[in-house]
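input.txt follows (compact mmCIF, C-alpha atoms):
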# COMPACT_ATOMS: atom_id res chain seq x y z
CA MET A 1 -11.76 -6.97 21.72
CA THR A 2 -9.12 -7.16 19.00
CA ASN A 3 -7.86 -10.54 17.77
CA ASN A 4 -4.05 -10.32 17.40
CA ASP A 5 -3.85 -13.43 15.17
CA ARG A 6 -6.29 -11.94 12.66
CA PRO A 7 -5.56 -8.33 11.66
CA TYR A 8 -8.45 -5.86 11.74
CA LEU A 9 -10.75 -8.47 13.34
CA SER A 10 -12.48 -7.69 16.63
CA SER A 11 -15.33 -9.14 18.70
CA PHE A 12 -18.06 -7.73 20.89
CA GLN A 13 -21.07 -8.93 22.89
CA ASP A 14 -24.50 -8.16 21.49
CA ARG A 15 -27.52 -7.42 23.69
CA HIS A 16 -28.28 -11.13 23.96
CA GLY A 17 -24.81 -11.90 25.26
CA ARG A 18 -23.63 -13.61 22.09
CA THR A 19 -20.15 -13.00 20.67
CA ARG A 20 -20.18 -11.20 17.35
CA TRP A 21 -17.26 -10.47 14.99
CA ARG A 22 -16.45 -7.59 12.68
CA TYR A 23 -13.71 -6.52 10.32
CA ARG A 24 -12.75 -2.84 10.68
CA ARG A 25 -10.26 -1.10 8.40
CA SER A 26 -9.91 2.44 7.06
CA GLY A 27 -13.20 3.47 8.65
CA LYS A 28 -15.08 0.61 7.00
CA THR A 29 -16.82 -2.09 9.08
CA ILE A 30 -17.85 -5.50 7.73
CA ALA A 31 -19.87 -7.97 9.83
CA ILE A 32 -18.33 -11.48 9.88
CA PRO A 33 -20.96 -14.22 10.43
CA GLY A 34 -20.49 -17.26 12.62
CA GLN A 35 -17.47 -18.14 14.73
CA PRO A 36 -13.78 -18.68 13.91
CA GLY A 37 -13.16 -22.05 12.28
CA GLU A 38 -16.59 -22.22 10.63
CA PRO A 39 -16.61 -22.22 6.78
CA ASP A 40 -18.84 -19.13 6.48
CA PHE A 41 -16.69 -17.22 8.98
CA GLU A 42 -13.41 -18.07 7.27
CA GLU A 43 -14.72 -17.22 3.81
CA ALA A 44 -16.19 -13.86 4.97
CA TYR A 45 -12.95 -12.86 6.74
CA GLN A 46 -10.78 -13.78 3.75
CA ALA A 47 -13.13 -11.91 1.41
CA ALA A 48 -12.89 -8.80 3.64
CA ILE A 49 -9.09 -8.92 3.53
CA GLU A 50 -9.10 -9.32 -0.27
CA GLY A 51 -11.76 -6.65 -0.74
CA ARG A 52 -14.23 -8.89 -2.57
CA PRO A 53 -17.73 -10.23 -1.90
CA ALA A 54 -17.88 -13.47 0.06
CA ARG A 55 -18.51 -16.56 -2.05
CA LYS A 56 -21.43 -18.69 -1.03
CA ALA A 57 -21.08 -22.46 -1.04
CA VAL A 58 -22.72 -24.08 -4.04
CA VAL A 59 -25.25 -26.71 -3.04
CA VAL A 60 -25.15 -29.62 -5.49
CA THR A 61 -28.14 -31.94 -5.39
CA HIS A 62 -27.14 -35.58 -5.64
CA PRO A 63 -28.84 -37.28 -8.62
CA GLY A 64 -30.31 -39.96 -6.36
CA ALA A 65 -31.35 -37.60 -3.56
CA THR A 66 -34.91 -37.96 -2.35
CA VAL A 67 -36.93 -35.66 -0.13
CA PRO A 68 -38.11 -37.73 2.86
CA LYS A 69 -41.84 -38.55 2.78
CA SER A 70 -42.12 -37.14 -0.74
CA PHE A 71 -43.81 -38.85 -3.68
CA ARG A 72 -40.44 -39.97 -5.03
CA ASP A 73 -39.66 -41.45 -1.63
CA ALA A 74 -43.04 -43.22 -1.70
CA TRP A 75 -42.42 -44.57 -5.20
CA LYS A 76 -39.06 -46.04 -4.18
CA ARG A 77 -40.87 -47.84 -1.38
CA VAL A 78 -43.58 -49.08 -3.79
CA LEU A 79 -40.84 -50.87 -5.74
CA ARG A 80 -39.99 -52.90 -2.62
CA THR A 81 -43.53 -54.05 -1.76
CA PRO A 82 -44.62 -57.69 -2.22
CA GLU A 83 -47.53 -56.51 -4.38
CA TRP A 84 -45.13 -54.82 -6.80
CA ILE A 85 -42.73 -57.75 -6.92
CA GLY A 86 -45.66 -60.01 -7.84
CA HIS A 87 -46.60 -57.94 -10.92
CA ASP A 88 -45.69 -59.19 -14.39
CA ASP A 89 -43.12 -57.26 -16.47
CA ALA A 90 -45.72 -55.59 -18.71
CA THR A 91 -47.61 -54.19 -15.71
CA LYS A 92 -44.38 -53.02 -14.08
CA ASN A 93 -43.19 -51.25 -17.22
CA LYS A 94 -46.53 -49.49 -17.70
CA ASN A 95 -46.61 -48.27 -14.09
CA ILE A 96 -42.96 -47.16 -14.17
CA ARG A 97 -43.65 -45.00 -17.25
CA LEU A 98 -46.70 -43.43 -15.63
CA ALA A 99 -44.95 -42.91 -12.27
CA GLU A 100 -41.96 -41.17 -13.86
CA GLU A 101 -44.27 -38.90 -15.85
CA PHE A 102 -46.17 -37.98 -12.68
CA LEU A 103 -43.01 -37.45 -10.59
CA LYS A 104 -41.65 -35.01 -13.22
CA LEU A 105 -44.99 -33.23 -13.64
CA PRO A 106 -44.87 -29.52 -12.64
CA VAL A 107 -47.03 -28.72 -9.64
CA VAL A 108 -47.91 -25.40 -11.25
CA ALA A 109 -47.29 -24.34 -14.83
CA ASP A 110 -44.12 -22.27 -15.41
CA ASP A 111 -42.66 -23.23 -12.02
CA PRO A 112 -39.70 -25.56 -11.42
CA ALA A 113 -41.39 -27.41 -8.53
CA ILE A 114 -42.37 -30.96 -9.48
CA TRP A 115 -44.66 -33.50 -7.81
CA GLY A 116 -41.80 -35.91 -7.17
CA ASP A 117 -40.34 -33.51 -4.58
CA MET A 118 -43.68 -32.69 -2.94
CA LEU A 119 -44.63 -34.24 0.39
CA VAL A 120 -47.43 -36.77 0.08
CA GLU A 121 -49.23 -35.09 2.97
CA ASP A 122 -49.51 -31.90 0.90
CA LEU A 123 -51.59 -33.59 -1.82
CA LYS A 124 -55.20 -32.40 -1.72
CA ARG A 125 -58.23 -33.66 -3.57
CA ARG A 126 -58.28 -30.55 -5.77
CA HIS A 127 -54.69 -31.29 -6.79
CA VAL A 128 -55.65 -34.77 -7.96
CA LYS A 129 -58.53 -33.40 -10.03
CA ASP A 130 -56.19 -30.82 -11.56
CA ILE A 131 -53.66 -33.52 -12.49
CA LEU A 132 -56.34 -35.66 -14.13
CA ALA A 133 -57.69 -32.64 -16.01
CA ARG A 134 -54.30 -32.21 -17.66
CA PHE A 135 -54.80 -35.60 -19.33
CA MET A 136 -58.35 -34.99 -20.53
CA GLU A 137 -57.24 -35.62 -24.13
CA THR A 138 -56.10 -39.13 -23.13
CA PRO A 139 -58.74 -40.21 -20.59
CA HIS A 140 -57.61 -43.83 -20.31
CA LYS A 141 -54.08 -42.70 -19.54
CA ALA A 142 -55.51 -40.46 -16.81
CA LYS A 143 -57.36 -43.43 -15.35
CA HIS A 144 -54.20 -45.56 -15.23
CA LEU A 145 -52.19 -42.64 -13.84
CA LEU A 146 -54.61 -42.40 -10.92
CA VAL A 147 -54.05 -46.10 -10.21
CA THR A 148 -50.28 -45.53 -10.14
CA VAL A 149 -50.51 -42.51 -7.83
CA ARG A 150 -52.70 -44.54 -5.49
CA LYS A 151 -49.87 -47.06 -5.10
CA MET A 152 -47.74 -44.26 -3.64
CA ILE A 153 -50.57 -43.09 -1.43
CA ARG A 154 -51.07 -46.63 -0.03
CA VAL A 155 -47.38 -46.72 0.91
CA ALA A 156 -47.74 -43.34 2.64
CA LEU A 157 -50.72 -44.69 4.59
CA ASP A 158 -48.80 -47.81 5.59
CA GLU A 159 -45.81 -45.70 6.70
CA GLU A 160 -48.22 -43.44 8.66
CA TRP A 161 -47.10 -40.33 6.80
CA ILE A 162 -50.77 -39.55 6.22
CA GLU A 163 -54.02 -40.64 7.84
CA ILE A 164 -56.48 -39.94 5.02
CA ASP A 165 -56.39 -40.95 1.36
CA PRO A 166 -57.17 -37.77 -0.67
CA THR A 167 -58.33 -39.95 -3.58
CA TYR A 168 -60.88 -41.90 -1.50
CA LYS A 169 -64.00 -42.56 -3.59
CA LEU A 170 -62.58 -40.36 -6.34
CA THR A 171 -63.64 -42.09 -9.54
CA TYR A 172 -62.30 -41.49 -12.99
CA ARG A 173 -63.96 -43.80 -15.45
CA PRO A 174 -63.98 -42.43 -18.97
CA GLU A 175 -66.53 -43.80 -21.37
CA TYR A 176 -65.02 -47.07 -22.49
CA THR A 177 -65.37 -48.42 -25.98
CA GLY A 178 -62.10 -50.34 -26.19
CA TRP A 179 -61.32 -52.81 -28.91
CA ARG A 180 -64.45 -54.03 -30.60
CA ALA A 181 -65.15 -57.64 -31.47
CA TRP A 182 -64.92 -58.62 -35.12
CA THR A 183 -68.23 -59.20 -36.85
CA GLU A 184 -69.00 -62.56 -38.45
CA ASP A 185 -68.74 -60.99 -41.92
CA GLU A 186 -65.30 -59.59 -41.06
CA ARG A 187 -64.10 -62.97 -39.85
CA LEU A 188 -65.35 -64.63 -43.06
CA LYS A 189 -63.66 -61.98 -45.18
CA PHE A 190 -60.34 -62.54 -43.41
CA GLU A 191 -60.62 -66.33 -43.77
CA GLU A 192 -61.39 -66.01 -47.49
CA ARG A 193 -58.32 -63.83 -48.05
CA TRP A 194 -55.90 -65.83 -45.87
CA LYS A 195 -56.12 -69.59 -46.27
CA VAL A 196 -54.99 -72.25 -43.80
CA GLY A 197 -51.21 -72.55 -43.88
CA THR A 198 -50.50 -68.83 -44.18
CA THR A 199 -48.97 -66.87 -41.29
CA PRO A 200 -51.89 -64.40 -41.08
CA ARG A 201 -54.41 -67.25 -40.77
CA THR A 202 -52.31 -68.95 -38.06
CA CYS A 203 -52.03 -65.72 -36.06
CA TYR A 204 -55.76 -65.13 -36.45
CA ALA A 205 -56.62 -68.66 -35.24
CA LEU A 206 -54.36 -68.46 -32.16
CA ALA A 207 -55.78 -65.07 -31.18
CA LEU A 208 -59.40 -66.07 -31.77
CA TRP A 209 -59.64 -69.68 -30.58
CA LEU A 210 -57.34 -69.28 -27.58
CA GLY A 211 -58.51 -65.76 -26.71
CA ASN A 212 -54.88 -64.74 -26.38
CA ARG A 213 -53.45 -61.27 -26.07
CA ARG A 214 -50.79 -60.32 -28.62
CA SER A 215 -48.01 -60.90 -26.05
CA ASP A 216 -49.21 -64.49 -25.62
CA VAL A 217 -49.83 -65.13 -29.33
CA ALA A 218 -46.22 -64.21 -30.14
CA LYS A 219 -44.91 -66.71 -27.58
CA VAL A 220 -47.15 -69.74 -28.21
CA THR A 221 -44.87 -72.76 -28.67
CA TRP A 222 -45.57 -76.20 -30.05
CA ASP A 223 -44.76 -77.91 -26.77
CA MET A 224 -47.75 -76.16 -25.17
CA PHE A 225 -50.06 -78.38 -27.24
CA ASP A 226 -51.09 -81.92 -26.35
CA PHE A 227 -52.96 -82.98 -29.47
CA LYS A 228 -53.65 -86.47 -28.09
CA ARG A 229 -55.47 -85.13 -25.07
CA GLY A 230 -56.83 -82.18 -27.02
CA THR A 231 -55.50 -79.50 -24.63
CA VAL A 232 -53.17 -76.52 -24.77
CA THR A 233 -51.48 -75.01 -21.70
CA ILE A 234 -50.99 -71.25 -21.83
CA GLU A 235 -48.77 -69.25 -19.47
CA GLN A 236 -50.22 -65.75 -19.72
CA GLN A 237 -47.66 -62.95 -19.81
CA LYS A 238 -50.02 -60.52 -18.12
CA GLY A 239 -50.87 -61.71 -14.62
CA GLY A 240 -48.85 -64.91 -14.94
CA LYS A 241 -51.93 -67.15 -15.04
CA ARG A 242 -51.65 -70.75 -16.21
CA LEU A 243 -54.63 -71.76 -18.34
CA VAL A 244 -55.42 -75.23 -19.66
CA LEU A 245 -57.77 -74.86 -22.64
CA PRO A 246 -59.34 -77.36 -25.05
CA ILE A 247 -58.10 -77.39 -28.64
CA THR A 248 -61.19 -76.54 -30.67
CA PRO A 249 -61.72 -78.28 -34.04
CA MET A 250 -61.30 -74.88 -35.70
CA LEU A 251 -57.86 -74.42 -34.15
CA ARG A 252 -56.82 -78.02 -34.80
CA ASP A 253 -57.73 -77.71 -38.50
CA THR A 254 -55.50 -74.62 -38.73
CA LEU A 255 -52.47 -76.02 -36.91
CA GLU A 256 -52.26 -79.65 -38.04
CA PRO A 257 -51.17 -78.90 -41.65
CA LEU A 258 -48.35 -76.56 -40.49
CA PRO A 259 -44.68 -77.58 -40.67
CA ARG A 260 -42.83 -77.27 -37.36
CA LYS A 261 -39.75 -75.25 -38.24
CA GLY A 262 -39.11 -73.71 -34.83
CA ASP A 263 -40.15 -73.64 -31.20
CA THR A 264 -42.81 -70.97 -31.64
CA VAL A 265 -45.88 -71.59 -33.76
CA LEU A 266 -45.67 -68.17 -35.40
CA LEU A 267 -42.54 -67.40 -37.40
CA THR A 268 -41.54 -64.47 -39.58
CA ALA A 269 -40.42 -64.88 -43.19
CA TYR A 270 -36.89 -65.11 -41.79
CA GLY A 271 -37.77 -68.00 -39.50
CA LYS A 272 -37.66 -65.87 -36.35
CA PRO A 273 -40.34 -65.43 -33.66
CA PHE A 274 -42.53 -62.31 -33.94
CA SER A 275 -42.26 -59.58 -31.34
CA GLU A 276 -45.58 -58.63 -29.76
CA LYS A 277 -45.38 -55.05 -31.05
CA SER A 278 -44.73 -56.17 -34.62
CA LEU A 279 -47.90 -58.31 -34.59
CA THR A 280 -50.02 -55.20 -34.15
CA GLY A 281 -48.67 -53.65 -37.34
CA ARG A 282 -48.76 -56.91 -39.26
CA MET A 283 -52.43 -57.53 -38.36
CA ALA A 284 -53.26 -54.03 -39.60
CA ASP A 285 -51.56 -54.90 -42.91
CA TRP A 286 -53.30 -58.28 -43.17
CA THR A 287 -56.78 -56.88 -42.51
CA HIS A 288 -56.19 -54.03 -44.97
CA SER A 289 -55.14 -56.57 -47.61
CA ALA A 290 -58.41 -58.41 -46.96
CA GLY A 291 -60.39 -55.24 -47.67
CA MET A 292 -61.55 -54.93 -44.08
CA PRO A 293 -62.34 -51.69 -42.22
CA LYS A 294 -60.10 -50.19 -39.56
CA GLY A 295 -60.73 -51.40 -36.02
CA CYS A 296 -60.21 -55.11 -36.67
CA THR A 297 -57.38 -55.56 -34.16
CA MET A 298 -55.60 -58.47 -32.50
CA HIS A 299 -57.36 -57.72 -29.22
CA GLY A 300 -60.63 -57.55 -31.08
CA LEU A 301 -60.31 -61.29 -31.76
CA ARG A 302 -60.05 -61.91 -28.02
CA LYS A 303 -63.23 -59.86 -27.64
CA SER A 304 -64.80 -61.96 -30.40
CA LEU A 305 -64.19 -65.17 -28.44
CA GLY A 306 -65.69 -63.58 -25.32
CA LYS A 307 -68.75 -62.59 -27.31
CA LEU A 308 -69.10 -66.07 -28.82
CA LEU A 309 -68.73 -67.69 -25.38
CA ALA A 310 -71.43 -65.47 -23.92
CA GLU A 311 -73.78 -66.04 -26.84
CA GLY A 312 -73.23 -69.78 -26.42
CA GLY A 313 -74.49 -69.55 -22.85
CA ALA A 314 -71.15 -69.65 -20.97
CA SER A 315 -71.39 -68.46 -17.37
CA THR A 316 -69.42 -65.49 -16.06
CA ARG A 317 -67.12 -67.88 -14.22
CA GLN A 318 -66.49 -69.86 -17.42
CA LEU A 319 -65.70 -66.65 -19.27
CA MET A 320 -63.20 -65.63 -16.60
CA ASP A 321 -61.47 -69.03 -16.58
CA THR A 322 -61.28 -69.22 -20.38
CA LEU A 323 -59.98 -65.70 -20.99
CA GLY A 324 -57.95 -65.39 -17.79
CA HIS A 325 -59.81 -62.38 -16.40
CA ASP A 326 -59.34 -61.48 -12.72
CA ASP A 327 -62.02 -58.79 -12.77
CA ILE A 328 -65.57 -60.11 -12.92
CA GLU A 329 -66.74 -56.82 -14.47
CA HIS A 330 -64.81 -57.58 -17.68
CA ALA A 331 -66.49 -60.97 -18.05
CA GLU A 332 -69.93 -59.57 -17.26
CA LEU A 333 -69.61 -57.11 -20.15
CA TYR A 334 -69.84 -60.04 -22.57
CA SER A 335 -72.63 -61.74 -20.60
CA ARG A 336 -74.79 -58.62 -20.39
CA GLU A 337 -74.46 -57.88 -24.10
CA ALA A 338 -75.26 -61.47 -25.06
CA SER A 339 -78.10 -61.75 -22.55
CA GLN A 340 -79.68 -58.56 -23.85
CA ALA A 341 -79.64 -59.85 -27.44
CA ILE A 342 -80.93 -63.31 -26.50
CA LEU A 343 -83.67 -62.00 -24.20
CA ALA A 344 -84.74 -59.39 -26.77
CA LYS A 345 -84.94 -62.05 -29.49
CA ASP A 346 -86.98 -64.34 -27.23
CA ALA A 347 -89.29 -61.48 -26.22
CA MET A 348 -89.88 -60.35 -29.80
CA SER A 349 -90.61 -63.96 -30.83
CA LYS A 350 -93.39 -64.00 -28.24
CA VAL A 351 -94.77 -60.75 -29.60
CA THR A 352 -94.68 -62.16 -33.14
CA ARG A 353 -96.52 -65.32 -32.08
CA LEU A 354 -99.10 -63.24 -30.21
CA VAL A 355 -99.81 -60.91 -33.16
CA GLN A 356 -99.84 -63.68 -35.77
CA GLY A 357 -102.07 -65.79 -33.53
CA LYS A 358 -104.64 -63.00 -33.32
CA LYS A 359 -104.62 -62.64 -37.11
CA LYS A 360 -105.28 -66.36 -37.58
CA ARG A 361 -108.14 -66.32 -35.06
CA GLY A 362 -109.58 -63.26 -36.74

Do you think you could lay out the structure here as structure tokens?
Amino acid sequence: MTNNDRPYLSSFQDRHGRTRWRYRRSGKTIAIPGQPGEPDFEEAYQAAIEGRPARKAVVVTHPGATVPKSFRDAWKRVLRTPEWIGHDDATKNKNIRLAEEFLKLPVVADDPAIWGDMLVEDLKRRHVKDILARFMETPHKAKHLLVTVRKMIRVALDEEWIEIDPTYKLTYRPEYTGWRAWTEDERLKFEERWKVGTTPRTCYALALWLGNRRSDVAKVTWDMFDFKRGTVTIEQQKGGKRLVLPITPMLRDTLEPLPRKGDTVLLTAYGKPFSEKSLTGRMADWTHSAGMPKGCTMHGLRKSLGKLLAEGGASTRQLMDTLGHDDIEHAELYSREASQAILAKDAMSKVTRLVQGKKKRG
């Protein structure tokens, strides 16, 4: 049937009874898809009249578009969970960096597909192992990445997108050495180089005798101290814990001679508070100036206090409450190391008494 309103256009019924359209002119026939009024139909008919190929509509992906039930969809939902909202800023920033790196990670090398667009239900155990293997040069990063991916998987479980966690009982615990505690000789060497009243000695004392992380050391203010009661109240940046700690004589001797020129205890040469990142570099400079080996870090002083507490007989619970640990395993690391040394010393003393006793009797 010829359409009088559209030259050279005619329709026919196919074997399924559906109406089809074609453009016929000068012995040439061009199939026209769809039905009149539809975008594809109108473009194909106009292209046939003009003697050119039909232009296909360009699909533009919206920058904020998210594939439903994908990992990017799951991550957006993670950001709305009560657990996420309760995290401190440092934890949030670390997880955001790891999540973005994972979401942009190619599923397969030399292919544009990325994990952010993949459905969570398509993740298999072998995929997780492959992802972790890509970070074998930075094993601790791989461990933290797995924690971040599991946040997305928990959301998918809660939303009932999946029924099984593909990472269940999948462990990735690289050998951990971490920041080492300073030795007694190293502490003495630092104290000999930097006397009470200097900025390095003040930073050292806050980190050691409060067991603070660098983020907390940078933000310690004078109003946190109650020298009459002998206590200091610390609001930890990581985890948001509020700790009330005693002011040790060692810390008091360091702080009492200091002038109070600002709100924070630690001030730069320009009278400004230190940033937490700058303290890392400054401590490296200060220890180098004291002729100390590499590895004497700010966090190492926190480890030193943990070691001293354990060697002094502090319980695991006391270690946790002093250092602000949530994980009992961290506190037990100090206890086990100290217990081993103390028990070994006691045992060898018994052996010595036994051998020397036999010699005297002989």

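Nearest to Thr297 of chain A of all the residues A:Gly281, A:Gly262, A:Gly240, A:Gly312 is A:Gly281, based on all atoms listed in the file.
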
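Interatomic distance, atom CA of Ile247 of chain A against atom CA of Phe227 of chain A: 7.6 Å.
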
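In this model, the gap between atom CA of Ala31 of chain A and atom CA of His16 of chain A comes to 16.7 Å.
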
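Minimum distance to Ile96 of chain A across A:Arg229, A:Lys76, A:Lys56, A:Arg22 (counting all atoms listed in the file) occurs at A:Lys76.
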
- Message: Give me the residues near segment 273-280 of chain A as a ChimeraX atom specification, where near means some atom within 12 Å (using all atoms listed in the file) and where sequence neighbours in that chain fewer than 6 positions away do not count.
- Response: /A:90,199-200,203-204,207,212-221,237,261-267,286-287,295-300

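For the atom pair formed by atom CA of Thr138 of chain A and atom CA of Glu186 of chain A, the distance is 28.7 Å, given to one decimal.
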
Using all atoms listed in the file, list the residues that have an atom at most 12 Å from (-52.6, -77.7, -26.1), coordinates as in the file, as a PDB file with C-alpha atoms, keeping the file's coordinate frame.
ATOM      1  CA  LEU A 206     -54.360 -68.460 -32.160  1.00  0.00           C
ATOM      2  CA  TRP A 209     -59.640 -69.680 -30.580  1.00  0.00           C
ATOM      3  CA  LEU A 210     -57.340 -69.280 -27.580  1.00  0.00           C
ATOM      4  CA  VAL A 220     -47.150 -69.740 -28.210  1.00  0.00           C
ATOM      5  CA  THR A 221     -44.870 -72.760 -28.670  1.00  0.00           C
ATOM      6  CA  TRP A 222     -45.570 -76.200 -30.050  1.00  0.00           C
ATOM      7  CA  ASP A 223     -44.760 -77.910 -26.770  1.00  0.00           C
ATOM      8  CA  MET A 224     -47.750 -76.160 -25.170  1.00  0.00           C
ATOM      9  CA  PHE A 225     -50.060 -78.380 -27.240  1.00  0.00           C
ATOM     10  CA  ASP A 226     -51.090 -81.920 -26.350  1.00  0.00           C
ATOM     11  CA  PHE A 227     -52.960 -82.980 -29.470  1.00  0.00           C
ATOM     12  CA  LYS A 228     -53.650 -86.470 -28.090  1.00  0.00           C
ATOM     13  CA  ARG A 229     -55.470 -85.130 -25.070  1.00  0.00           C
ATOM     14  CA  GLY A 230     -56.830 -82.180 -27.020  1.00  0.00           C
ATOM     15  CA  THR A 231     -55.500 -79.500 -24.630  1.00  0.00           C
ATOM     16  CA  VAL A 232     -53.170 -76.520 -24.770  1.00  0.00           C
ATOM     17  CA  THR A 233     -51.480 -75.010 -21.700  1.00  0.00           C
ATOM     18  CA  ILE A 234     -50.990 -71.250 -21.830  1.00  0.00           C
ATOM     19  CA  GLU A 235     -48.770 -69.250 -19.470  1.00  0.00           C
ATOM     20  CA  LEU A 243     -54.630 -71.760 -18.340  1.00  0.00           C
ATOM     21  CA  VAL A 244     -55.420 -75.230 -19.660  1.00  0.00           C
ATOM     22  CA  LEU A 245     -57.770 -74.860 -22.640  1.00  0.00           C
ATOM     23  CA  PRO A 246     -59.340 -77.360 -25.050  1.00  0.00           C
ATOM     24  CA  ILE A 247     -58.100 -77.390 -28.640  1.00  0.00           C
ATOM     25  CA  THR A 248     -61.190 -76.540 -30.670  1.00  0.00           C
ATOM     26  CA  LEU A 251     -57.860 -74.420 -34.150  1.00  0.00           C
ATOM     27  CA  ARG A 252     -56.820 -78.020 -34.800  1.00  0.00           C
ATOM     28  CA  LEU A 255     -52.470 -76.020 -36.910  1.00  0.00           C
ATOM     29  CA  VAL A 265     -45.880 -71.590 -33.760  1.00  0.00           C
TER      30      VAL A 265
END

- Message: as an MDAnalysis selection string, please: the residues near segment 33-49 of chain A (cut-off 10 Å, only C-alpha atoms, same-chain neighbours under 3 positions excluded).
- Response: chainID A and resid 6:9 19:25 29:30 52:57

- Task: Using only C-alpha atoms, find the one residue out of A:Ala269, A:Met348, A:Ala314, A:Leu123 that sits nearest to Val149 of chain A.
- Result: A:Leu123

- Message: So, with only C-alpha atoms as the atoms that count, which of A:Trp182, A:Trp84, A:Phe190, A:Tyr270 lies closest to Leu308 of chain A?
- Response: A:Trp182
